[in-house]
$ cat run_34.txt   # compact mmCIF, C-alpha atoms
# COMPACT_ATOMS: atom_id res chain seq x y z
CA MET G 17 9.51 221.53 73.85
CA GLN G 18 7.26 218.92 72.36
CA GLN G 19 5.98 216.41 74.93
CA GLN G 20 6.82 212.80 74.16
CA ALA G 21 3.76 210.66 73.54
CA ARG G 22 3.15 207.79 75.97
CA PRO G 23 3.13 204.29 74.50
CA SER G 24 -0.37 203.05 73.88
CA ARG G 25 -1.72 200.08 75.86
CA PRO G 26 -2.63 197.05 73.74
CA ALA G 27 -6.34 196.50 73.37
CA GLY G 28 -7.85 194.05 75.84
CA THR G 29 -5.15 194.62 78.47
CA PRO G 30 -6.52 195.48 81.95
CA ALA G 31 -5.98 199.12 82.79
CA ALA G 32 -4.98 198.60 86.40
CA GLY G 33 -5.28 195.14 87.88
CA PRO G 34 -4.17 195.72 91.47
CA PRO G 35 -6.48 198.69 92.15
CA GLY G 36 -9.46 196.67 90.86
CA ALA G 37 -8.54 193.70 93.06
CA LEU G 38 -7.99 196.02 96.02
CA ARG G 39 -11.40 197.58 95.51
CA GLY G 40 -12.97 194.12 95.55
CA TRP G 41 -11.39 193.33 98.91
CA LEU G 42 -12.36 196.74 100.30
CA ASP G 43 -15.95 196.09 99.22
CA ALA G 44 -15.86 192.74 101.04
CA VAL G 45 -14.49 194.37 104.18
CA ALA G 46 -17.23 197.01 104.02
CA VAL G 47 -19.96 194.33 103.82
CA VAL G 48 -18.58 192.38 106.77
CA LEU G 49 -17.86 195.40 108.97
CA ALA G 50 -21.28 196.92 108.35
CA GLY G 51 -23.06 193.66 109.16
CA LEU G 52 -21.07 193.00 112.32
CA ALA G 53 -21.35 196.62 113.49
CA VAL G 54 -25.15 196.52 113.32
CA MET G 55 -25.27 193.08 114.95
CA ALA G 56 -22.97 194.23 117.73
CA ALA G 57 -25.05 197.36 118.35
CA VAL G 58 -28.32 195.41 118.58
CA ALA G 59 -26.75 192.69 120.74
CA ALA G 60 -25.09 195.21 123.06
CA LEU G 61 -28.36 197.04 123.67
CA GLY G 62 -30.21 193.79 124.24
CA LEU G 63 -27.59 192.44 126.63
CA TRP G 64 -27.51 195.73 128.51
CA ALA G 65 -31.30 195.58 128.89
CA ALA G 66 -30.91 191.99 130.09
CA GLY G 67 -28.43 193.08 132.77
CA ALA G 68 -25.25 191.63 131.27
CA ASP G 69 -23.38 194.85 132.08
CA THR G 70 -23.17 193.65 135.70
CA LEU G 71 -21.26 190.48 134.84
CA PRO G 72 -18.25 190.17 137.17
CA GLY G 73 -14.72 190.43 135.88
CA GLY G 74 -15.50 192.85 133.07
CA GLY G 75 -17.00 190.09 130.96
CA PHE G 76 -19.44 192.18 128.91
CA PRO G 77 -17.25 192.26 125.75
CA SER G 78 -16.85 188.48 125.92
CA VAL G 79 -20.59 188.00 126.37
CA LEU G 80 -21.18 190.27 123.38
CA ALA G 81 -18.79 188.22 121.25
CA ALA G 82 -20.48 185.00 122.37
CA THR G 83 -23.86 186.44 121.40
CA LEU G 84 -22.56 187.28 117.92
CA ALA G 85 -21.28 183.73 117.56
CA LEU G 86 -24.70 182.35 118.53
CA ALA G 87 -26.45 184.76 116.14
CA VAL G 88 -24.78 183.20 113.09
CA GLY G 89 -25.48 179.63 114.15
CA GLY G 90 -22.51 178.88 116.40
CA SER G 91 -22.61 177.32 119.83
CA VAL G 92 -21.20 178.28 123.21
CA GLY G 93 -19.74 175.79 125.64
CA LEU G 94 -19.34 176.22 129.38
CA ASP G 95 -16.59 174.60 131.35
CA GLY G 96 -14.69 174.89 134.59
CA GLY G 97 -14.77 173.41 138.06
CA ALA G 98 -12.47 172.80 141.01
CA GLY G 99 -10.60 169.63 140.26
CA PHE G 100 -12.22 166.46 141.56
CA PHE G 101 -14.74 168.34 143.70
CA ALA G 102 -16.55 170.46 141.13
CA SER G 103 -17.44 170.12 137.48
CA VAL G 104 -19.42 171.86 134.78
CA ASP G 105 -21.53 170.16 132.15
CA ALA G 106 -23.10 172.72 129.85
CA GLY G 107 -23.67 173.88 126.31
CA ILE G 108 -25.82 176.41 124.49
CA THR G 109 -27.10 176.39 120.92
CA ALA G 110 -29.75 179.06 120.38
CA MET G 111 -29.78 181.76 117.73
CA PRO G 112 -30.74 185.26 118.95
CA LEU G 113 -32.62 185.98 115.75
CA SER G 114 -33.12 189.70 116.38
CA VAL G 115 -29.35 190.10 116.15
CA GLY G 116 -29.06 187.79 113.14
CA LEU G 117 -31.93 189.45 111.27
CA ALA G 118 -30.43 192.92 111.72
CA GLY G 119 -27.08 191.66 110.44
CA ALA G 120 -28.62 189.84 107.47
CA LEU G 121 -30.56 192.88 106.30
CA THR G 122 -27.45 195.05 106.60
CA VAL G 123 -25.20 192.59 104.75
CA ALA G 124 -27.76 192.33 101.95
CA GLU G 125 -28.18 196.10 101.64
CA VAL G 126 -24.45 196.89 101.53
CA PHE G 127 -23.70 194.02 99.13
CA LEU G 128 -26.42 195.19 96.74
CA ARG G 129 -25.44 198.85 97.01
CA GLN G 130 -22.03 197.95 95.58
CA LEU G 131 -23.82 196.54 92.51
CA ARG G 132 -26.28 199.39 91.98
CA TYR G 133 -27.06 200.75 88.52
CA ARG G 134 -26.43 197.34 86.99
CA ALA G 135 -29.10 195.12 85.47
CA VAL G 136 -26.83 192.18 84.61
CA ALA G 137 -23.62 190.93 86.19
CA GLY G 138 -21.29 188.14 85.19
CA GLY G 139 -21.46 184.95 87.19
CA ARG G 140 -17.71 184.97 87.62
CA GLU G 141 -17.80 188.46 89.10
CA LEU G 142 -20.59 187.58 91.52
CA LEU G 143 -18.82 184.43 92.67
CA GLY G 144 -15.63 186.44 93.17
CA ARG G 145 -17.42 189.00 95.30
CA ALA G 146 -19.08 186.28 97.35
CA ALA G 147 -15.77 184.43 97.81
CA ARG G 148 -13.92 187.55 98.99
CA THR G 149 -16.75 188.38 101.38
CA ALA G 150 -16.66 184.82 102.74
CA VAL G 151 -12.91 185.01 103.37
CA VAL G 152 -13.20 188.28 105.28
CA TRP G 153 -16.24 186.93 107.13
CA LEU G 154 -14.35 183.83 108.29
CA ALA G 155 -11.47 185.98 109.50
CA ALA G 156 -13.92 188.12 111.48
CA LEU G 157 -15.58 185.04 112.98
CA ALA G 158 -12.18 183.72 114.05
CA LEU G 159 -11.58 186.97 115.95
CA ILE G 160 -15.03 186.70 117.51
CA CYS G 161 -14.27 183.17 118.69
CA ALA G 162 -11.04 184.40 120.27
CA ALA G 163 -12.90 187.20 122.08
CA ALA G 164 -15.84 185.02 123.19
CA ARG G 165 -14.03 183.54 126.18
CA HIS G 166 -14.39 184.48 129.83
CA THR G 167 -13.89 182.83 133.21
CA VAL G 168 -15.14 183.94 136.63
CA THR G 169 -14.80 182.61 140.15
CA VAL G 170 -18.15 181.37 141.40
CA PRO G 171 -19.21 182.02 145.03
CA LEU G 172 -20.39 178.90 146.78
CA GLY G 173 -23.29 180.54 148.59
CA ASP G 174 -24.59 179.59 152.01
CA GLY G 175 -25.04 176.36 153.90
CA LEU G 176 -23.25 173.10 153.29
CA ALA G 177 -21.56 174.26 150.07
CA GLU G 178 -19.91 177.21 151.85
CA GLN G 179 -18.71 175.02 154.73
CA LEU G 180 -17.22 172.46 152.36
CA GLY G 181 -15.55 175.20 150.35
CA GLY G 182 -13.93 176.65 153.46
CA VAL G 183 -12.67 173.29 154.71
CA LEU G 184 -11.39 172.04 151.36
CA GLY G 185 -10.19 175.37 149.97
CA LEU G 186 -12.34 175.13 146.86
CA THR G 187 -12.47 178.06 144.46
CA PRO G 188 -14.78 176.90 141.67
CA GLU G 189 -14.40 178.66 138.36
CA VAL G 190 -16.77 178.62 135.43
CA GLY G 191 -16.24 180.04 132.00
CA PHE G 192 -17.75 180.08 128.55
CA HIS G 193 -16.23 179.97 125.09
CA ALA G 194 -17.48 179.94 121.52
CA GLU G 195 -16.99 176.62 119.77
CA PRO G 196 -14.71 177.43 116.79
CA ALA G 197 -15.83 174.55 114.54
CA SER G 198 -19.56 175.28 114.69
CA THR G 199 -19.10 179.05 114.67
CA LEU G 200 -16.88 179.06 111.57
CA GLY G 201 -18.71 176.30 109.70
CA LEU G 202 -22.29 177.33 110.41
CA GLY G 203 -21.33 181.01 110.30
CA LEU G 204 -20.09 180.57 106.74
CA LEU G 205 -23.30 178.73 105.85
CA TRP G 206 -25.28 181.60 107.39
CA LEU G 207 -23.53 184.11 105.15
CA LEU G 208 -24.10 182.01 102.02
CA VAL G 209 -27.80 181.64 102.83
CA VAL G 210 -28.08 185.40 103.34
CA LEU G 211 -26.43 186.15 99.99
CA ALA G 212 -28.50 183.53 98.17
CA ALA G 213 -31.70 184.90 99.71
CA THR G 214 -30.65 188.42 98.71
CA PHE G 215 -30.48 187.48 95.04
CA ALA G 216 -33.65 185.40 95.27
CA VAL G 217 -35.68 188.25 96.78
CA SER G 218 -34.42 191.62 95.55
CA ARG G 219 -35.21 192.97 92.11
CA ARG G 220 -32.19 195.28 92.50
CA ALA G 221 -29.80 192.31 92.46
CA PRO G 222 -28.17 191.87 89.03
CA LEU G 223 -28.06 188.31 87.73
CA PRO G 224 -26.00 186.52 85.08
CA ARG G 225 -27.77 186.48 81.73
CA SER G 226 -28.41 182.76 81.99
CA LEU G 227 -30.44 183.24 85.19
CA VAL G 228 -32.44 186.31 84.15
CA PRO G 229 -35.32 184.25 82.63
CA PHE G 230 -35.88 182.51 85.99
CA GLN G 231 -36.23 185.62 88.13
CA GLN G 232 -39.95 186.00 87.44
CA ALA G 233 -40.56 182.49 88.77
CA VAL G 234 -38.65 183.04 92.02
CA ARG G 235 -38.55 186.66 93.13
CA PRO G 236 -42.25 187.61 93.56
CA ALA G 237 -43.02 184.63 95.81
CA ALA G 238 -39.72 184.89 97.70
CA PHE G 239 -40.22 188.61 98.29
CA ALA G 240 -43.77 188.00 99.52
CA MET G 241 -42.60 185.43 102.08
CA LEU G 242 -39.85 187.79 103.28
CA LEU G 243 -42.48 190.44 103.91
CA VAL G 244 -44.54 187.88 105.84
CA LEU G 245 -41.60 187.23 108.18
CA LEU G 246 -40.90 190.94 108.59
CA GLY G 247 -44.61 191.55 109.15
CA CYS G 248 -44.58 189.00 111.97
CA VAL G 249 -41.68 190.87 113.56
CA LEU G 250 -43.51 194.19 113.22
CA LEU G 251 -46.61 192.74 114.88
CA GLY G 252 -44.37 191.39 117.63
CA VAL G 253 -42.89 194.84 118.22
CA VAL G 254 -46.40 196.32 118.52
CA ALA G 255 -47.38 193.58 120.99
CA ALA G 256 -44.16 194.16 122.96
CA ILE G 257 -44.87 197.88 123.23
CA GLY G 258 -48.34 197.11 124.53
CA THR G 259 -46.92 194.62 127.03
CA ALA G 260 -44.38 197.15 128.29
CA ALA G 261 -47.06 199.81 128.64
CA VAL G 262 -49.39 197.51 130.60
CA ASN G 263 -46.89 195.65 132.78
CA GLY G 264 -44.27 198.36 133.15
CA ASP G 265 -41.32 196.03 132.56
CA ALA G 266 -39.91 198.01 129.67
CA ARG G 267 -36.30 196.94 130.14
CA GLN G 268 -37.12 193.25 130.18
CA VAL G 269 -39.37 193.57 127.13
CA ALA G 270 -36.66 195.54 125.33
CA ALA G 271 -34.18 192.74 125.98
CA VAL G 272 -36.52 190.20 124.41
CA VAL G 273 -37.21 192.43 121.40
CA LEU G 274 -33.52 193.12 120.79
CA LEU G 275 -32.37 189.53 121.28
CA ALA G 276 -35.06 187.00 120.45
CA LEU G 277 -38.29 188.51 119.11
CA PRO G 278 -38.19 186.63 115.76
CA ASN G 279 -37.63 183.38 117.67
CA LEU G 280 -41.04 183.85 119.27
CA VAL G 281 -43.11 185.39 116.48
CA TRP G 282 -41.85 183.07 113.73
CA LEU G 283 -42.55 180.06 115.93
CA ALA G 284 -46.03 181.48 116.56
CA PHE G 285 -46.56 181.88 112.81
CA GLY G 286 -45.52 178.27 112.22
CA VAL G 287 -47.87 177.08 114.96
CA GLY G 288 -50.65 179.11 113.34
CA LEU G 289 -50.05 177.20 110.10
CA GLY G 290 -50.50 173.93 112.01
CA GLY G 291 -46.85 173.13 112.66
CA GLU G 292 -45.46 171.56 115.81
CA TRP G 293 -42.33 171.91 117.93
CA HIS G 294 -41.21 169.37 120.53
CA GLY G 295 -39.10 169.97 123.60
CA HIS G 296 -38.95 170.26 127.35
CA LEU G 297 -37.99 172.80 129.97
CA VAL G 298 -36.50 171.99 133.37
CA GLY G 299 -35.48 174.73 135.76
CA ALA G 300 -35.05 178.29 134.53
CA ILE G 301 -31.95 179.30 132.62
CA GLY G 302 -32.67 182.86 131.55
CA LEU G 303 -34.03 182.24 128.08
CA PRO G 304 -36.98 184.43 127.01
CA VAL G 305 -39.73 181.80 127.21
CA PRO G 306 -43.36 183.04 127.41
CA LYS G 307 -45.49 181.63 130.19
CA SER G 308 -47.80 179.59 127.96
CA LEU G 309 -44.90 178.07 126.03
CA ALA G 310 -43.03 177.30 129.25
CA ALA G 311 -46.11 175.60 130.70
CA VAL G 312 -46.40 173.35 127.64
CA LEU G 313 -42.71 172.43 127.74
CA ARG G 314 -42.88 171.67 131.47
CA ALA G 315 -46.04 169.58 131.19
CA GLY G 316 -44.17 166.45 130.08
CA GLU G 317 -42.41 166.00 133.44
CA GLY G 318 -39.11 164.95 131.91
CA GLU G 319 -40.57 163.91 128.57
CA ASP G 320 -40.86 166.09 125.49
CA GLY G 321 -43.97 168.21 125.26
CA THR G 322 -45.65 169.13 121.98
CA VAL G 323 -46.00 172.83 121.16
CA SER G 324 -49.00 173.15 118.88
CA LEU G 325 -52.03 175.35 118.43
CA GLY G 326 -54.11 173.09 120.67
CA THR G 327 -51.60 172.79 123.52
CA LEU G 328 -50.91 176.52 123.60
CA ALA G 329 -54.65 177.27 123.56
CA GLU G 330 -55.07 175.04 126.63
CA GLN G 331 -52.77 177.42 128.49
CA ASP G 332 -54.02 180.65 126.92
CA GLY G 333 -57.17 180.81 124.81
CA ARG G 334 -55.82 183.77 122.85
CA ALA G 335 -53.52 181.32 121.03
CA TRP G 336 -56.43 180.45 118.70
CA TRP G 337 -55.93 183.86 117.08
CA LEU G 338 -52.70 182.54 115.59
CA LEU G 339 -54.70 180.55 113.03
CA PRO G 340 -56.64 183.42 111.39
CA LEU G 341 -53.57 185.66 111.66
CA ALA G 342 -51.44 183.13 109.77
CA ALA G 343 -54.20 182.73 107.18
CA VAL G 344 -54.40 186.50 106.59
CA LEU G 345 -50.61 186.79 106.26
CA MET G 346 -50.45 183.92 103.75
CA LEU G 347 -53.33 185.32 101.70
CA ALA G 348 -51.62 188.72 101.65
CA ALA G 349 -48.46 186.98 100.42
CA GLY G 350 -50.45 185.32 97.64
CA VAL G 351 -51.96 188.61 96.50
CA LEU G 352 -48.61 190.42 96.61
CA ALA G 353 -46.77 187.69 94.70
CA ALA G 354 -49.44 187.68 91.98
CA HIS G 355 -49.46 191.47 91.83
CA ARG G 356 -45.69 191.56 91.25
CA SER G 357 -45.81 188.90 88.53
CA PRO G 358 -46.46 189.33 84.81
CA ARG G 359 -50.05 189.06 83.64
CA GLU G 360 -49.47 185.90 81.63
CA VAL G 361 -48.63 183.83 84.70
CA ARG G 362 -51.47 181.39 85.37
CA PRO G 363 -53.10 180.88 88.79
CA TRP G 364 -51.74 177.35 89.16
CA GLN G 365 -48.24 178.69 88.54
CA HIS G 366 -48.71 181.28 91.28
CA ALA G 367 -49.87 178.51 93.60
CA VAL G 368 -46.89 176.24 92.90
CA ARG G 369 -44.36 179.06 93.24
CA LEU G 370 -45.78 180.34 96.53
CA ALA G 371 -45.95 176.77 97.84
CA ALA G 372 -42.25 176.28 97.13
CA ALA G 373 -41.36 179.63 98.69
CA ALA G 374 -43.45 178.92 101.80
CA ALA G 375 -41.91 175.46 102.22
CA VAL G 376 -38.35 176.80 102.01
CA THR G 377 -39.21 179.68 104.36
CA MET G 378 -40.63 177.44 107.05
CA LEU G 379 -37.75 174.99 106.67
CA LEU G 380 -35.36 177.83 107.50
CA VAL G 381 -37.58 179.08 110.32
CA GLY G 382 -37.66 175.59 111.82
CA VAL G 383 -33.88 175.31 111.73
CA TRP G 384 -33.35 178.83 113.08
CA THR G 385 -35.74 178.40 116.03
CA ARG G 386 -34.06 175.25 117.36
CA VAL G 387 -32.85 175.61 120.93
CA SER G 388 -30.58 173.37 122.95
CA ALA G 389 -29.38 174.80 126.25
CA ASP G 390 -28.39 172.93 129.36
CA TYR G 391 -26.04 173.50 132.26
CA GLY G 392 -25.23 172.21 135.67
CA LEU G 393 -22.49 173.10 138.14
CA SER G 394 -22.23 171.25 141.39
CA VAL G 395 -19.73 170.93 144.23
CA LEU G 396 -19.84 167.37 145.58
CA GLY G 397 -23.40 167.21 144.28
CA VAL G 398 -24.51 170.40 146.05
CA GLY G 399 -25.90 173.20 143.88
CA LEU G 400 -24.40 176.67 143.94
CA GLY G 401 -26.02 179.54 145.74
CA GLU G 402 -27.01 183.04 144.71
CA GLY G 403 -24.57 184.92 142.52
CA GLY G 404 -23.26 181.75 140.89
CA LEU G 405 -23.65 180.13 137.51
CA GLY G 406 -27.33 180.96 137.19
CA ASP G 407 -26.57 184.68 137.29
CA LEU G 408 -23.78 184.23 134.76
CA LEU G 409 -26.02 182.39 132.32
CA SER G 410 -28.85 184.84 132.80
CA SER G 411 -26.45 187.59 131.76
CA VAL G 412 -25.29 185.63 128.73
CA LEU G 413 -28.66 184.44 127.52
CA GLY G 414 -31.10 187.17 128.44
CA PRO G 415 -34.11 187.59 130.74
CA ALA G 416 -36.78 184.98 131.42
CA LEU G 417 -40.37 185.94 130.88
CA GLU G 418 -41.44 182.97 132.97
CA PRO G 419 -40.97 183.59 136.70
CA ALA G 420 -39.05 181.02 138.69
CA GLY G 421 -37.64 180.75 142.16
CA PRO G 422 -33.93 181.23 142.90
CA ALA G 423 -33.35 177.52 143.42
CA ALA G 424 -34.74 176.64 140.01
CA ALA G 425 -32.68 179.34 138.36
CA LEU G 426 -29.39 178.54 140.03
CA THR G 427 -29.11 174.76 140.35
CA GLY G 428 -29.19 173.97 136.66
CA GLY G 429 -31.67 173.61 133.87
CA THR G 430 -32.38 172.35 130.39
CA LEU G 431 -34.35 173.76 127.48
CA THR G 432 -34.74 171.96 124.17
CA LEU G 433 -37.00 172.97 121.31
CA ASP G 434 -36.99 171.19 117.96
CA PRO G 435 -39.38 171.60 115.01
CA HIS G 436 -41.23 168.68 113.51
CA LEU G 437 -40.12 169.52 109.97
CA TRP G 438 -41.93 166.59 108.37
CA THR G 439 -45.19 168.27 109.42
CA LEU G 440 -44.23 171.93 109.24
CA VAL G 441 -42.81 172.00 105.70
CA PRO G 442 -45.67 170.12 103.94
CA LEU G 443 -48.25 172.21 105.78
CA ALA G 444 -46.50 175.40 104.69
CA ALA G 445 -46.51 174.14 101.09
CA ALA G 446 -50.24 173.38 101.31
CA TRP G 447 -50.95 176.85 102.66
CA GLY G 448 -48.85 178.27 99.83
CA LEU G 449 -50.84 176.37 97.20
CA LEU G 450 -54.14 177.67 98.57
CA ALA G 451 -52.96 181.22 99.19
CA GLY G 452 -51.22 181.39 95.81
CA ALA G 453 -54.37 180.35 93.93
CA LEU G 454 -56.66 182.67 95.90
CA GLY G 455 -54.16 185.50 95.67
CA ALA G 456 -53.96 185.16 91.90
CA LEU G 457 -57.76 185.42 91.64
CA ALA G 458 -57.86 188.42 93.97
CA ALA G 459 -55.03 190.17 92.13
CA THR G 460 -56.99 190.20 88.89
CA ARG G 461 -59.14 192.98 90.37
CA LEU G 462 -56.13 195.09 91.34
CA PRO G 463 -54.12 197.49 89.16
CA ARG G 464 -51.19 195.41 87.88
CA ARG G 465 -47.75 196.08 86.59
CA GLY G 466 -47.18 194.61 83.20
CA GLU G 467 -43.70 193.54 84.26
CA THR G 468 -42.07 193.26 87.68
CA ASP G 469 -38.59 192.84 89.09
$ encode --input "run_34.txt" --output "structure tokens"
Amino acid sequence: MQQQARPSRPAGTPAAGPPGALRGWLDAVAVVLAGLAVMAAVAALGLWAAGADTLPGGGFPSVLAATLALAVGGSVGLDGGAGFFASVDAGITAMPLSVGLAGALTVAEVFLRQLRYRAVAGGRELLGRAARTAVVWLAALALICAAARHTVTVPLGDGLAEQLGGVLGLTPEVGFHAEPASTLGLGLLWLLVVLAATFAVSRRAPLPRSLVPFQQAVRPAAFAMLLVLLGCVLLGVVAAIGTAAVNGDARQVAAVVLLALPNLVWLAFGVGLGGEWHGHLVGAIGLPVPKSLAAVLRAGEGEDGTVSLGTLAEQDGRAWWLLPLAAVLMLAAGVLAAHRSPREVRPWQHAVRLAAAAAVTMLLVGVWTRVSADYGLSVLGVGLGEGGLGDLLSSVLGPALEPAGPAAALTGGTLTLDPHLWTLVPLAAAWGLLAGALGALAATRLPRRGETD
């Protein structure tokens, strides 16, 4: 029997709309799940090294969720008390950049892998992919906010607090929760910055035809500055291994590396360029603050201290090495950017492009290294004893590199750290101008690609 021919599909009609749309959503889910899985793994290891697995009430999953919220720019609030007699006044805004960096690199890699083997992509397609990824990302952040909530009963300790608690029947409770507004809003901004940086840096990222002519002006310098930041992290890992080998505190060092290493090394790089941060430190709240940095922040006695190359060198003379190290890294960035650029690009163009890339990089570093953390829990004005809020916050936030007594750790504390962007960004641009010009001259003696990216 002769088989009946199927009716032909009119030209220009989509072959199968729903499967294509479904694939787009599955790709978005893959990007988000991969990024969050890597972030969760890094955060879990770091929190375990910091001792968060001993948090009472089975709060480790909630602490992990809170850490993920902080890693994408969100904030964590603390609340609780015992009616009129006890109250909590606390809040934390500090990005654990080790977690965020791992997630950003994973999101970028998976997003680009879905576009492999393509030199050009339509702007509409790219915007659609980014929009679907953002929707799935927001849904995941909403679940994280719901999970980042935990409450524990706080022991009153010894002395007057315990006597008052027994007489009045106080059972103070303290808990933490991720702030939904900042976590969703800033978390979405974090994702958009990661995707924008991915297309600005990677030569594997396909662009719309209208943007292809601009890639040579952006990608070599942007890629060079990315390698500078990753190089700082690599140097920090080497220094951390040496510290663990000498001091024998491997678990504590591992916690810092897995939670906040970029916070420290990127700040050090900015200080080496001549930048400044301002802030103060009162008490000890479990944040990984090096001794020299803590000494500078405490020096103001209630007023903001200035973190600069000079003030750090007063505490530790080795801080002067940050200047030549930053100079070498910037010069290497200048050479690399020139080496990856076409031959016809002039030295002044290299200088201007690297200056712009360095300024944007240090603007982001300044924003990412901001810290605002404060807490205080009191019962009729009397601080809590051992095993109270200080232990809870130490589990949430990580280990302190600066030693402090139990009273300082448990009665409350404040840490603020803000960049002076009006100094940091122009200085980074000036370094970029100089390094870009010198790098272009040095690259003339190196074997060059005729075309890059």
$ closest_residue --input "run_34.txt" --among "G:Thr199, G:Thr122, G:Ser357, G:Gln268" --to "Ala50 (chain G)" --atoms "all atoms listed in the file"
G:Thr122
$ residues_near_point --input "run_34.txt" --point "(-41.7, 175.6, 100.8)" --cutoff "8 Å" --atoms "only C-alpha atoms" --output "number ranges by chain"
G: 370-379, 441-442, 444-445, 448
$ closest_residue --input "run_34.txt" --among "G:Asn279, G:Thr430, G:Ser218, G:Thr149" --to "Trp384 (chain G)" --atoms "only C-alpha atoms"
G:Asn279
$ closest_residue --input "run_34.txt" --among "G:Ser226, G:Ser114, G:Asn263, G:Ser388" --to "Leu277 (chain G)" --atoms "all atoms listed in the file"
G:Ser114
$ closest_residue --input "run_34.txt" --among "G:Ala310, G:Asp390, G:Ala137, G:Ala271" --to "Ala60 (chain G)" --atoms "only C-alpha atoms"
G:Ala271
$ atom_distance --input "run_34.txt" --atom1 "CA of Ala59 (chain G)" --atom2 "CA of Leu243 (chain G)"
23.1 Å
$ closest_residue --input "run_34.txt" --among "G:Val92, G:Leu245, G:Ala453, G:Val312" --to "Cys161 (chain G)" --atoms "all atoms listed in the file"
G:Val92
$ atom_distance --input "run_34.txt" --atom1 "CA of Trp293 (chain G)" --atom2 "CA of Asp434 (chain G)"
5.4 Å
$ atom_distance --input "run_34.txt" --atom1 "CA of Ala87 (chain G)" --atom2 "CA of Glu292 (chain G)"
23.1 Å
$ residues_near_point --input "run_34.txt" --point "(-53.5, 183.9, 123.5)" --cutoff "12 Å" --atoms "only C-alpha atoms" --output "PDB file with C-alpha atoms, in the coordinates of the input"
ATOM      1  CA  ALA G 255     -47.380 193.580 120.990  1.00  0.00           C
ATOM      2  CA  ALA G 284     -46.030 181.480 116.560  1.00  0.00           C
ATOM      3  CA  GLY G 288     -50.650 179.110 113.340  1.00  0.00           C
ATOM      4  CA  PRO G 306     -43.360 183.040 127.410  1.00  0.00           C
ATOM      5  CA  LYS G 307     -45.490 181.630 130.190  1.00  0.00           C
ATOM      6  CA  SER G 308     -47.800 179.590 127.960  1.00  0.00           C
ATOM      7  CA  LEU G 309     -44.900 178.070 126.030  1.00  0.00           C
ATOM      8  CA  LEU G 325     -52.030 175.350 118.430  1.00  0.00           C
ATOM      9  CA  GLY G 326     -54.110 173.090 120.670  1.00  0.00           C
ATOM     10  CA  THR G 327     -51.600 172.790 123.520  1.00  0.00           C
ATOM     11  CA  LEU G 328     -50.910 176.520 123.600  1.00  0.00           C
ATOM     12  CA  ALA G 329     -54.650 177.270 123.560  1.00  0.00           C
ATOM     13  CA  GLU G 330     -55.070 175.040 126.630  1.00  0.00           C
ATOM     14  CA  GLN G 331     -52.770 177.420 128.490  1.00  0.00           C
ATOM     15  CA  ASP G 332     -54.020 180.650 126.920  1.00  0.00           C
ATOM     16  CA  GLY G 333     -57.170 180.810 124.810  1.00  0.00           C
ATOM     17  CA  ARG G 334     -55.820 183.770 122.850  1.00  0.00           C
ATOM     18  CA  ALA G 335     -53.520 181.320 121.030  1.00  0.00           C
ATOM     19  CA  TRP G 336     -56.430 180.450 118.700  1.00  0.00           C
ATOM     20  CA  TRP G 337     -55.930 183.860 117.080  1.00  0.00           C
ATOM     21  CA  LEU G 338     -52.700 182.540 115.590  1.00  0.00           C
ATOM     22  CA  LEU G 339     -54.700 180.550 113.030  1.00  0.00           C
ATOM     23  CA  LEU G 341     -53.570 185.660 111.660  1.00  0.00           C
TER      24      LEU G 341
END
$ closest_residue --input "run_34.txt" --among "G:Ala110, G:Gly455, G:Asp95, G:Gly90" --to "Leu275 (chain G)" --atoms "only C-alpha atoms"
G:Ala110
$ residues_around --input "run_34.txt" --residues "Ala276 (chain G)" --least-positions-apart "5" --cutoff "12 Å" --atoms "all atoms listed in the file" --output "PyMOL selection string"
chain G and resi 58-59+62-63+66+83+86-87+110-118+249+252-253+256+268-271+281-283+303-306+384-385+387+413-417
$ residues_around --input "run_34.txt" --residues "Trp364 (chain G)" --least-positions-apart "6" --cutoff "9 Å" --atoms "only C-alpha atoms" --output "list in words"
Leu449, Gly452, Ala453 and Ala456 of chain G
$ axis_aligned_box --input "run_34.txt" --around "region 202-210 of chain G" --padding-each-side "3 Å" --output "JSON"
{"center_x": -24.1, "center_y": 181.4, "center_z": 106.2, "size_x": 14.0, "size_y": 14.1, "size_z": 14.4}
$ residues_around --input "run_34.txt" --residues "Arg129 (chain G)" --least-positions-apart "6" --cutoff "12 Å" --atoms "only C-alpha atoms" --output "list in words"
Asp43, Ala46, Val47, Thr122, Val123, Thr214, Ser218, Arg220, Ala221 and Pro222 of chain G
